[in-house]
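> My structure is in structure-v5.cif, and what it holds is mmCIF, C-alpha atoms and all ligand atoms:
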```cif
data_structure
#
loop_
_atom_site.label_atom_id
_atom_site.label_comp_id
_atom_site.auth_asym_id
_atom_site.auth_seq_id
_atom_site.Cartn_x
_atom_site.Cartn_y
_atom_site.Cartn_z
CA MET A 361 57.30 -57.15 15.33
CA ALA A 362 53.89 -56.91 16.98
CA ASP A 363 51.60 -54.09 15.85
CA ARG A 364 51.58 -51.60 18.76
CA SER A 365 49.28 -49.02 17.16
CA VAL A 366 46.27 -48.12 19.28
CA PRO A 367 43.28 -50.28 18.27
CA SER A 368 40.06 -48.46 17.55
CA MET A 369 36.68 -49.38 18.99
CA ARG A 370 33.93 -50.57 16.71
CA ASN A 371 30.98 -48.26 17.06
CA TYR A 372 27.69 -49.18 18.52
CA GLY A 373 24.90 -47.11 19.99
CA ARG A 374 23.23 -49.42 22.43
CA GLN A 375 23.79 -52.89 23.67
CA LEU A 376 21.15 -55.33 24.80
CA PHE A 377 21.88 -58.11 27.23
CA ILE A 378 19.32 -60.92 27.30
CA CYS A 379 19.39 -63.60 29.99
CA ASN A 380 19.40 -67.14 28.68
CA HIS A 381 20.47 -68.83 31.87
CA GLY A 382 17.11 -70.50 32.26
CA ASP A 383 16.01 -69.67 35.80
CA CYS A 384 14.08 -66.46 35.18
CA ALA A 385 12.51 -67.96 32.04
CA PRO A 386 13.26 -70.87 29.70
CA ALA A 387 16.59 -70.27 27.95
CA GLU A 388 14.90 -70.70 24.58
CA GLU A 389 12.77 -67.62 25.22
CA GLY A 390 15.87 -65.45 25.63
CA GLU A 391 17.36 -66.99 22.52
CA ARG A 392 14.13 -66.33 20.60
CA LEU A 393 14.24 -62.67 21.64
CA GLN A 394 17.83 -62.40 20.45
CA ARG A 395 16.86 -63.79 17.06
CA LEU A 396 14.05 -61.24 16.87
CA VAL A 397 16.45 -58.37 17.65
CA LEU A 398 18.98 -59.61 15.09
CA GLU A 399 16.21 -59.78 12.51
CA ARG A 400 15.11 -56.24 13.32
CA ASN A 401 18.72 -55.10 13.19
CA ARG A 402 19.06 -56.57 9.76
CA GLN A 403 15.87 -54.88 8.60
CA GLN A 404 16.94 -51.54 10.03
CA GLY A 405 20.53 -51.74 8.90
CA LEU A 406 21.55 -51.50 12.54
CA ASN A 407 23.80 -54.54 12.25
CA LYS A 408 26.33 -52.75 10.10
CA LEU A 409 29.67 -52.57 11.83
CA ARG A 410 30.37 -49.01 10.78
CA ASN A 411 27.01 -47.64 11.81
CA PRO A 412 27.51 -45.75 15.11
CA HIS A 413 23.90 -46.48 16.00
CA ARG A 414 24.46 -50.20 15.61
CA ILE A 415 22.67 -52.26 18.26
CA LYS A 416 24.63 -55.11 19.78
CA CYS A 417 22.55 -57.94 21.17
CA THR A 418 24.24 -60.39 23.49
CA LEU A 419 23.00 -63.44 25.36
CA ALA A 420 24.29 -62.80 28.82
CA ASP A 421 23.74 -65.83 31.02
CA CYS A 422 22.32 -64.94 34.45
CA LEU A 423 21.78 -61.22 35.05
CA GLY A 424 21.28 -61.72 38.77
CA VAL A 425 17.50 -61.37 38.92
CA CYS A 426 16.37 -64.95 38.35
CA GLN A 427 12.64 -64.38 38.37
CA GLY A 428 9.98 -62.75 36.26
CA GLY A 429 12.00 -63.14 33.09
CA PRO A 430 12.97 -63.06 30.38
CA ILE A 431 15.19 -60.23 31.65
CA VAL A 432 16.53 -57.72 29.12
CA VAL A 433 18.94 -54.88 29.94
CA VAL A 434 19.65 -51.90 27.70
CA TYR A 435 23.06 -50.23 27.96
CA PRO A 436 24.40 -47.60 28.32
CA ASP A 437 20.98 -46.46 29.58
CA GLY A 438 21.05 -49.00 32.43
CA THR A 439 17.39 -49.86 31.88
CA TRP A 440 16.16 -53.25 33.08
CA TYR A 441 13.09 -54.84 31.58
CA HIS A 442 11.33 -57.98 32.76
CA GLY A 443 8.62 -60.30 31.47
CA VAL A 444 9.75 -59.53 27.93
CA ASP A 445 7.90 -61.63 25.39
CA GLU A 446 8.20 -61.17 21.65
CA ALA A 447 5.56 -58.42 21.47
CA ALA A 448 7.29 -56.55 24.32
CA MET A 449 10.69 -56.98 22.65
CA ASP A 450 9.34 -55.55 19.45
CA ARG A 451 7.99 -52.59 21.38
CA ILE A 452 11.25 -52.03 23.22
CA TYR A 453 13.09 -52.21 19.94
CA ARG A 454 10.82 -49.73 18.23
CA GLU A 455 10.23 -47.26 21.05
CA HIS A 456 13.39 -47.44 23.10
CA LEU A 457 16.16 -48.51 20.77
CA VAL A 458 15.00 -46.75 17.63
CA GLU A 459 13.04 -43.79 18.97
CA GLY A 460 14.84 -43.32 22.28
CA ARG A 461 11.73 -43.59 24.48
CA PRO A 462 12.09 -46.30 27.15
CA VAL A 463 8.96 -48.43 27.63
CA ALA A 464 8.10 -47.39 31.18
CA LYS A 465 5.47 -50.07 31.65
CA LEU A 466 8.01 -52.89 31.33
CA ILE A 467 10.86 -51.33 33.32
CA PHE A 468 11.52 -52.68 36.80
CA HIS A 469 14.89 -51.06 37.45
CA ARG A 470 16.70 -47.99 36.17
CA HIS A 471 20.35 -47.47 36.80
CA PHE A 472 19.90 -43.73 36.23
CA PRO A 473 16.90 -41.67 37.38
CA VAL A 474 14.55 -40.53 34.62
CA GLY A 475 16.16 -37.68 32.68
CA GLU A 476 19.66 -38.55 33.87
CA ALA A 477 20.45 -41.37 31.52
CA PRO A 478 23.95 -41.21 30.01
CA VAL A 479 24.27 -39.33 26.78
CA TYR A 480 23.70 -41.50 23.76
CA ALA A 481 26.99 -43.08 22.83
CA PRO A 482 27.64 -41.75 19.30
CA GLU A 483 27.35 -38.14 20.52
CA VAL A 484 29.75 -38.84 23.36
CA ARG A 485 32.34 -40.18 21.01
CA GLY A 486 31.70 -37.64 18.30
CA ASP A 487 31.95 -40.41 15.75
CA GLU A 488 30.97 -39.64 12.20
CA ALA A 489 28.39 -41.96 10.76
CA ARG A 490 30.08 -43.49 7.76
CA VAL A 491 26.85 -44.85 6.37
CA ARG A 492 23.43 -43.29 6.33
CA VAL A 493 21.80 -43.72 9.72
CA PRO A 494 18.63 -45.57 8.91
CA TRP A 495 16.38 -44.37 11.70
CA GLY A 496 12.78 -44.75 10.74
CA PRO A 497 9.68 -46.86 11.00
CA LEU A 498 10.29 -50.58 10.73
CA GLU A 499 8.05 -50.78 7.66
CA GLU A 500 10.56 -48.76 5.62
CA VAL A 501 13.17 -51.43 5.91
CA GLU A 502 12.97 -52.64 2.35
CA ALA A 503 14.34 -49.30 1.19
CA LEU A 504 17.61 -49.91 3.02
CA GLN A 505 20.60 -51.04 1.06
CA PRO A 506 21.84 -54.36 2.56
CA GLU A 507 25.55 -54.95 3.00
CA ARG A 508 25.20 -58.66 2.61
CA GLU A 509 28.67 -59.99 3.27
CA GLU A 510 29.19 -58.08 6.46
CA GLU A 511 25.74 -59.00 7.72
CA ALA A 512 26.28 -62.66 6.94
CA ARG A 513 29.62 -62.67 8.77
CA GLU A 514 28.10 -61.01 11.82
CA GLU A 515 25.14 -63.37 11.84
CA GLU A 516 27.35 -66.41 11.41
CA ALA A 517 29.45 -65.32 14.37
CA GLN A 518 26.31 -64.87 16.49
CA LEU A 519 25.08 -68.34 15.57
CA ARG A 520 28.47 -69.85 16.33
CA ARG A 521 28.48 -68.23 19.77
CA LEU A 522 24.95 -69.51 20.37
CA ALA A 523 25.91 -73.06 19.37
CA VAL A 524 28.93 -72.98 21.68
CA ARG A 525 26.79 -71.77 24.59
CA ARG A 526 24.23 -74.46 23.93
CA SER A 527 26.71 -77.29 23.67
CA ARG A 528 28.47 -76.10 26.82
CA LYS A 529 25.51 -75.66 29.10
CA LYS A 530 22.35 -77.41 28.04
CA LYS A 531 21.47 -81.06 28.17
CA GLY A 532 18.39 -83.12 28.75
CA LEU A 533 19.24 -84.95 31.96
CA VAL A 534 18.56 -88.51 33.00
CA ILE A 535 17.65 -88.30 36.67
CA VAL A 536 17.20 -91.30 38.96
CA ASN A 537 15.55 -91.19 42.38
CA THR A 538 16.11 -94.48 44.11
CA GLY A 539 16.63 -95.98 47.57
CA GLU A 540 14.50 -97.41 50.35
CA GLY A 541 13.34 -94.09 51.77
CA LYS A 542 10.22 -92.06 51.01
CA GLY A 543 10.11 -89.21 48.53
CA LYS A 544 11.29 -90.67 45.22
CA THR A 545 8.08 -89.95 43.34
CA THR A 546 7.46 -86.77 45.36
CA ALA A 547 10.84 -85.35 44.32
CA ALA A 548 10.14 -86.26 40.70
CA LEU A 549 6.79 -84.47 40.90
CA GLY A 550 8.60 -81.43 42.28
CA ILE A 551 10.60 -81.30 39.04
CA LEU A 552 7.38 -81.77 37.10
CA THR A 553 5.78 -78.83 38.92
CA ARG A 554 8.76 -76.59 38.25
CA ALA A 555 8.78 -77.49 34.57
CA TRP A 556 5.01 -77.03 34.32
CA GLY A 557 5.40 -73.61 35.94
CA ARG A 558 7.80 -72.75 33.14
CA ARG A 559 5.22 -73.76 30.59
CA MET A 560 7.30 -76.75 29.53
CA LYS A 561 5.55 -79.81 28.15
CA VAL A 562 5.48 -82.47 30.86
CA GLY A 563 4.24 -86.03 31.26
CA VAL A 564 4.11 -88.85 33.78
CA VAL A 565 4.04 -92.58 33.13
CA GLN A 566 3.22 -94.63 36.23
CA PHE A 567 4.22 -98.20 35.56
CA LEU A 568 2.72 -99.99 38.51
CA LYS A 569 0.06 -97.73 40.00
CA HIS A 570 -3.44 -98.93 39.30
CA GLU A 571 -4.95 -97.41 36.17
CA SER A 572 -7.96 -96.20 38.16
CA ALA A 573 -5.92 -94.76 41.05
CA ARG A 574 -6.99 -91.31 42.27
CA PHE A 575 -3.96 -90.24 44.28
CA GLY A 576 -3.58 -86.60 45.26
CA GLU A 577 -0.92 -85.98 42.62
CA ILE A 578 -3.22 -87.26 39.86
CA ARG A 579 -6.00 -84.98 41.08
CA ALA A 580 -3.54 -82.08 41.18
CA ALA A 581 -2.41 -82.80 37.62
CA GLU A 582 -6.02 -82.75 36.44
CA ARG A 583 -6.55 -79.40 38.09
CA MET A 584 -3.30 -77.95 36.78
CA GLY A 585 -4.06 -79.16 33.25
CA GLU A 586 -1.64 -79.71 30.35
CA ILE A 587 -0.01 -82.71 32.03
CA ASP A 588 -0.09 -86.06 30.24
CA TRP A 589 -0.61 -88.71 32.87
CA ILE A 590 -0.63 -92.43 32.16
CA SER A 591 -1.24 -95.00 34.91
CA SER A 592 -1.57 -98.44 33.49
CA GLY A 593 -0.54 -100.81 36.24
CA ASP A 594 -2.75 -103.24 38.09
CA GLY A 595 -2.02 -101.89 41.52
CA TRP A 596 0.99 -104.18 41.98
CA THR A 597 2.42 -104.69 45.45
CA TRP A 598 5.15 -106.92 46.75
CA THR A 599 2.45 -109.44 47.70
CA SER A 600 0.64 -109.50 44.33
CA SER A 601 -0.29 -112.97 43.21
CA ASP A 602 -0.77 -112.40 39.47
CA MET A 603 2.74 -111.36 38.52
CA GLU A 604 2.23 -112.32 34.89
CA GLU A 605 -0.53 -109.74 34.55
CA THR A 606 1.67 -107.13 36.27
CA GLU A 607 4.62 -107.91 34.02
CA ALA A 608 2.53 -107.86 30.85
CA ARG A 609 1.04 -104.49 31.77
CA ALA A 610 4.45 -103.07 32.61
CA ARG A 611 5.94 -104.21 29.28
CA HIS A 612 2.99 -102.75 27.41
CA THR A 613 3.41 -99.45 29.27
CA TRP A 614 7.09 -99.36 28.28
CA ALA A 615 6.06 -99.72 24.63
CA VAL A 616 3.65 -96.78 25.08
CA CYS A 617 6.38 -94.86 26.81
CA GLN A 618 8.83 -95.46 23.95
CA GLU A 619 6.33 -93.97 21.53
CA ARG A 620 5.98 -90.92 23.77
CA ILE A 621 9.73 -90.47 24.05
CA VAL A 622 10.41 -90.65 20.32
CA SER A 623 7.51 -88.28 19.65
CA GLY A 624 9.75 -85.51 21.00
CA GLY A 625 6.67 -83.92 22.51
CA TYR A 626 8.01 -83.57 26.06
CA ASP A 627 10.50 -81.41 27.86
CA VAL A 628 10.20 -83.51 31.02
CA LEU A 629 8.93 -87.07 31.28
CA ILE A 630 8.70 -89.02 34.53
CA LEU A 631 8.89 -92.81 34.47
CA ASP A 632 7.54 -93.63 37.90
CA GLU A 633 8.59 -96.99 39.41
CA PHE A 634 10.39 -97.90 36.22
CA THR A 635 13.36 -99.40 38.07
CA TYR A 636 11.27 -102.44 39.07
CA LEU A 637 10.96 -103.47 35.43
CA LEU A 638 14.74 -103.62 35.25
CA HIS A 639 15.26 -105.08 38.71
CA TYR A 640 12.86 -107.97 38.13
CA GLY A 641 14.19 -108.61 34.64
CA TRP A 642 10.90 -107.80 32.89
CA LEU A 643 12.98 -105.70 30.53
CA ASP A 644 16.63 -106.14 29.59
CA GLY A 645 18.44 -103.20 31.20
CA ASN A 646 21.18 -103.00 28.58
CA GLU A 647 18.64 -102.97 25.78
CA VAL A 648 16.62 -100.26 27.50
CA LEU A 649 19.68 -98.07 28.00
CA ALA A 650 20.88 -98.59 24.43
CA TRP A 651 17.40 -97.64 23.23
CA LEU A 652 17.39 -94.51 25.37
CA GLU A 653 20.88 -93.58 24.16
CA ALA A 654 19.68 -93.80 20.57
CA ASN A 655 16.19 -92.34 20.92
CA LYS A 656 15.87 -89.92 23.82
CA PRO A 657 15.63 -86.39 22.43
CA PRO A 658 18.83 -84.63 23.56
CA MET A 659 17.04 -81.81 25.40
CA MET A 660 14.38 -83.93 27.10
CA HIS A 661 14.75 -84.52 30.85
CA LEU A 662 13.88 -88.06 31.90
CA VAL A 663 13.18 -88.74 35.57
CA ILE A 664 13.16 -92.40 36.67
CA THR A 665 12.01 -93.45 40.12
CA GLY A 666 11.89 -96.66 42.14
CA ARG A 667 13.94 -98.81 44.46
CA TYR A 668 16.78 -101.07 43.33
CA ALA A 669 18.10 -98.90 40.49
CA PRO A 670 20.56 -101.25 38.74
CA ARG A 671 24.23 -100.32 38.43
CA ASN A 672 24.12 -99.77 34.66
CA LEU A 673 21.22 -97.31 35.05
CA ILE A 674 23.13 -95.43 37.74
CA ASP A 675 26.16 -95.23 35.47
CA PHE A 676 24.00 -94.06 32.58
CA ALA A 677 22.21 -91.31 34.55
CA ASP A 678 23.42 -87.73 35.02
CA LEU A 679 21.90 -87.24 38.46
CA VAL A 680 21.21 -90.00 40.98
CA THR A 681 19.72 -89.49 44.42
CA GLU A 682 19.28 -92.22 46.97
CA MET A 683 16.49 -91.71 49.51
CA ARG A 684 17.33 -93.12 52.92
CA ALA A 685 14.80 -93.71 55.69
CA VAL A 686 15.91 -92.15 58.95
CA LYS A 687 12.58 -92.26 60.76
CA HIS A 688 9.14 -93.39 59.65
CA PRO A 689 5.78 -92.78 61.39
CA PHE A 690 4.58 -96.33 60.72
CA ALA A 691 7.75 -98.00 61.91
CA GLU A 692 8.01 -95.82 65.01
CA GLN A 693 4.37 -95.21 65.92
CA GLY A 694 2.23 -97.45 63.72
CA ILE A 695 0.78 -94.39 61.94
CA ARG A 696 -0.50 -95.28 58.51
CA ALA A 697 -0.06 -93.36 55.25
CA GLN A 698 -1.69 -89.93 55.39
CA PRO A 699 -3.73 -88.44 52.52
CA GLY A 700 -2.05 -85.36 51.16
CA VAL A 701 1.31 -86.55 52.45
CA GLU A 702 1.84 -89.97 50.95
CA TYR A 703 -0.92 -90.27 48.37
S1 LIG A 801 18.40 -66.67 35.39
FE1 LIG A 801 17.74 -64.94 34.23
S2 LIG A 801 18.41 -63.36 35.53
FE2 LIG A 801 19.19 -65.06 36.57
#
```
Show me, as structure tokens, the structure contained in the file I just sent.


Amino acid sequence: MADRSVPSMRNYGRQLFICNHGDCAPAEEGERLQRLVLERNRQQGLNKLRNPHRIKCTLADCLGVCQGGPIVVVYPDGTWYHGVDEAAMDRIYREHLVEGRPVAKLIFHRHFPVGEAPVYAPEVRGDEARVRVPWGPLEEVEALQPEREEEAREEEAQLRRLAVRRSRKKKGLVIVNTGEGKGKTTAALGILTRAWGRRMKVGVVQFLKHESARFGEIRAAERMGEIDWISSGDGWTWTSSDMEETEARARHTWAVCQERIVSGGYDVLILDEFTYLLHYGWLDGNEVLAWLEANKPPMMHLVITGRYAPRNLIDFADLVTEMRAVKHPFAEQGIRAQPGVEY
């Protein structure tokens, strides 16, 4: 017969929720903060299940703010922190969680007005601490008696939950922008800008643009800084006469690109006009895709642009967008490409 006795709650004093959804800040930053809190918990003995002051730390997906992250919320206080880096997390841990003094400078929202925060949980429950409550400066941690097995079980469970979240939600995407219309490279550069804004490592390989080209996007990348930009084409157009030179340069650039991909040094890499290499048979599409399958770092986003994306590339990609021309200033009015708009 099922056990109908009333289950008892496991004690904890405060709970932290840390956003790792990825829009307010890179998901890894939230995950790094969680690891820091777990480490502090271990040092302080605040991971022990029977300690009523135990601090739970949970990755919480989106907390509904989606900017200025990483976002961290402390319950039951209802205190919302933003822009929390590791130094700030350490401070919040020390001053707020251990000493009970919220870090006013980092708070952007309080659920309760100052002085009206809910009473600290252990007092509400009247629970008896069954182990010594190890409040105290972080430096005294070595003096604490570790309860190894329990800690290891708790940590293992946390890591398992983290792995499940990761496998469920995160993937380096293969993105293809193709079609006859304008905007394939522009859309790719939009992704690049977003990623750059998140301090991710980004790069661009332009397969056919002339190596000495000075388009607006290249100038922008120089001014932004920290963007690897390779243009190694010979300024190929549909009317080029020396196709052998174009093909040789494109193949060489693919070899350079392969090195960059396996280096694992990028979060986002754009292969601009790469589809032409496949379309014109300069590279074997199946070989390229098999190589990518085997060598692309799992979390790296690869953005491929160009007309005539072959079927096997479309099948391989996670996200494919086809640009379609509805109206064009040259076709309708004879207006040529405008600086700042098209180059
Ligand atoms: S993505 Fe972090 S709060 Fe929404």

> Step by step, measure atom-to-atom distances between ligand LIG 801 (chain A) and each residue using only C-alpha atoms and all ligand atoms, keep those at most 6 Å, then write them as a ChimeraX atom specification.

/A:379,381-384,422-426,431

> Take atom CA of Thr545 of chain A and atom CA of Ser591 of chain A and report the distance between them in Å, one decimal.

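Atom-to-atom, atom CA of Thr545 of chain A and atom CA of Ser591 of chain A are spaced 13.5 Å apart.
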
> Please measure the separation of atom CA of Asn380 of chain A and atom CA of Asp421 of chain A, giving the value in Å to one decimal.

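We find that atom CA of Asn380 of chain A and atom CA of Asp421 of chain A lie 5.1 Å from each other.
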
> Report, in Å to a single decimal, how far apart atom CA of Ser623 of chain A and atom CA of Phe567 of chain A are.

19.0 Å

> I need the residue nearest Val434 of chain A from this list: A:Phe377, A:Phe472, A:Tyr453, A:Trp614. Use all atoms listed in the file for the distance.

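Going through A:Phe377, A:Phe472, A:Tyr453, A:Trp614 one by one, the smallest distance to Val434 of chain A is for A:Phe377.
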
> Counting all atoms listed in the file, what is within 10 Å of Asp445 of chain A, bar same-chain residues fewer than 3 positions away, as a PyMOL selection string?

chain A and resi 389-390+392-393+429-431+442+448-451

> Pick from A:Leu522, A:Val565, A:Ile587, A:Ala447: nearest to Thr418 of chain A, with only C-alpha atoms counted?

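Between A:Leu522, A:Val565, A:Ile587, A:Ala447, the residue approaching Thr418 of chain A most closely is A:Leu522.
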
> A:Asn672, A:Phe634, A:Gly563, A:Asn655: which is nearest Glu582 of chain A, counting all atoms listed in the file?

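Closest to Glu582 of chain A of all the choices is A:Gly563.
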
> For segment 675-691 of chain A, list every protein, DNA or RNA residue within 6 Å, evaluated using all atoms listed in the file, and leave out those in the same chain fewer than 6 positions away; present the list as a PyMOL selection string.

chain A and resi 533-541

> Convert the current residue selection to file output with C-alpha atoms, as a PDB file, keeping the file's coordinate frame.


```pdb
ATOM      1  CA  LEU A 533      19.240 -84.950  31.960  1.00  0.00           C
ATOM      2  CA  VAL A 534      18.560 -88.510  33.000  1.00  0.00           C
ATOM      3  CA  ILE A 535      17.650 -88.300  36.670  1.00  0.00           C
ATOM      4  CA  VAL A 536      17.200 -91.300  38.960  1.00  0.00           C
ATOM      5  CA  ASN A 537      15.550 -91.190  42.380  1.00  0.00           C
ATOM      6  CA  THR A 538      16.110 -94.480  44.110  1.00  0.00           C
ATOM      7  CA  GLY A 539      16.630 -95.980  47.570  1.00  0.00           C
ATOM      8  CA  GLU A 540      14.500 -97.410  50.350  1.00  0.00           C
ATOM      9  CA  GLY A 541      13.340 -94.090  51.770  1.00  0.00           C
TER      10      GLY A 541
END
```

> Restricting the calculation to only C-alpha atoms: of A:Cys417, A:Ala581, A:Val701, A:Ile378, which residue gets closest to Gly543 of chain A?

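Of A:Cys417, A:Ala581, A:Val701, A:Ile378, the one nearest Gly543 of chain A is A:Val701, counting only C-alpha atoms.
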
> Place a sphere of radius 8 Å on (-1.5, -76.0, 31.2) in the file coordinates and name every protein, DNA or RNA residue with an atom inside or on its surface, counting all atoms listed in the file; give the answer as a PDB file with C-alpha atoms, in the coordinates of the input.


```
ATOM      1  CA  TRP A 556       5.010 -77.030  34.320  1.00  0.00           C
ATOM      2  CA  ARG A 559       5.220 -73.760  30.590  1.00  0.00           C
ATOM      3  CA  MET A 584      -3.300 -77.950  36.780  1.00  0.00           C
ATOM      4  CA  GLY A 585      -4.060 -79.160  33.250  1.00  0.00           C
ATOM      5  CA  GLU A 586      -1.640 -79.710  30.350  1.00  0.00           C
ATOM      6  CA  ILE A 587      -0.010 -82.710  32.030  1.00  0.00           C
TER       7      ILE A 587
END
```

> Considering all atoms listed in the file, state which residue in the set A:Gly475, A:Phe575, A:Ala555, A:Gln566 is at the smallest distance from Gln698 of chain A.

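The answer is A:Phe575, which sits nearest to Gln698 of chain A.
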
> Which of these, A:Pro436, A:Gly700, A:Gly373, A:Gly641, has the shortest distance to Lys416 of chain A once you count only C-alpha atoms?

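Comparing A:Pro436, A:Gly700, A:Gly373, A:Gly641 against Lys416 of chain A, the winner is A:Gly373.
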
> Once 3 Å is added on each side, what centre and edge lengths in Å to one decimal does the axis-aligned box around all listed atoms of segment 463-466 of chain A have, as JSON?


```
{"center_x": 7.2, "center_y": -50.1, "center_z": 29.6, "size_x": 9.5, "size_y": 11.5, "size_z": 10.0}
```

> Please provide the set of residues having any atom within 10 Å of His612 of chain A, restricted to only C-alpha atoms, with same-chain residues fewer than 4 positions apart removed, written as number ranges by chain.

A: 567, 592-593, 606-608, 616-618
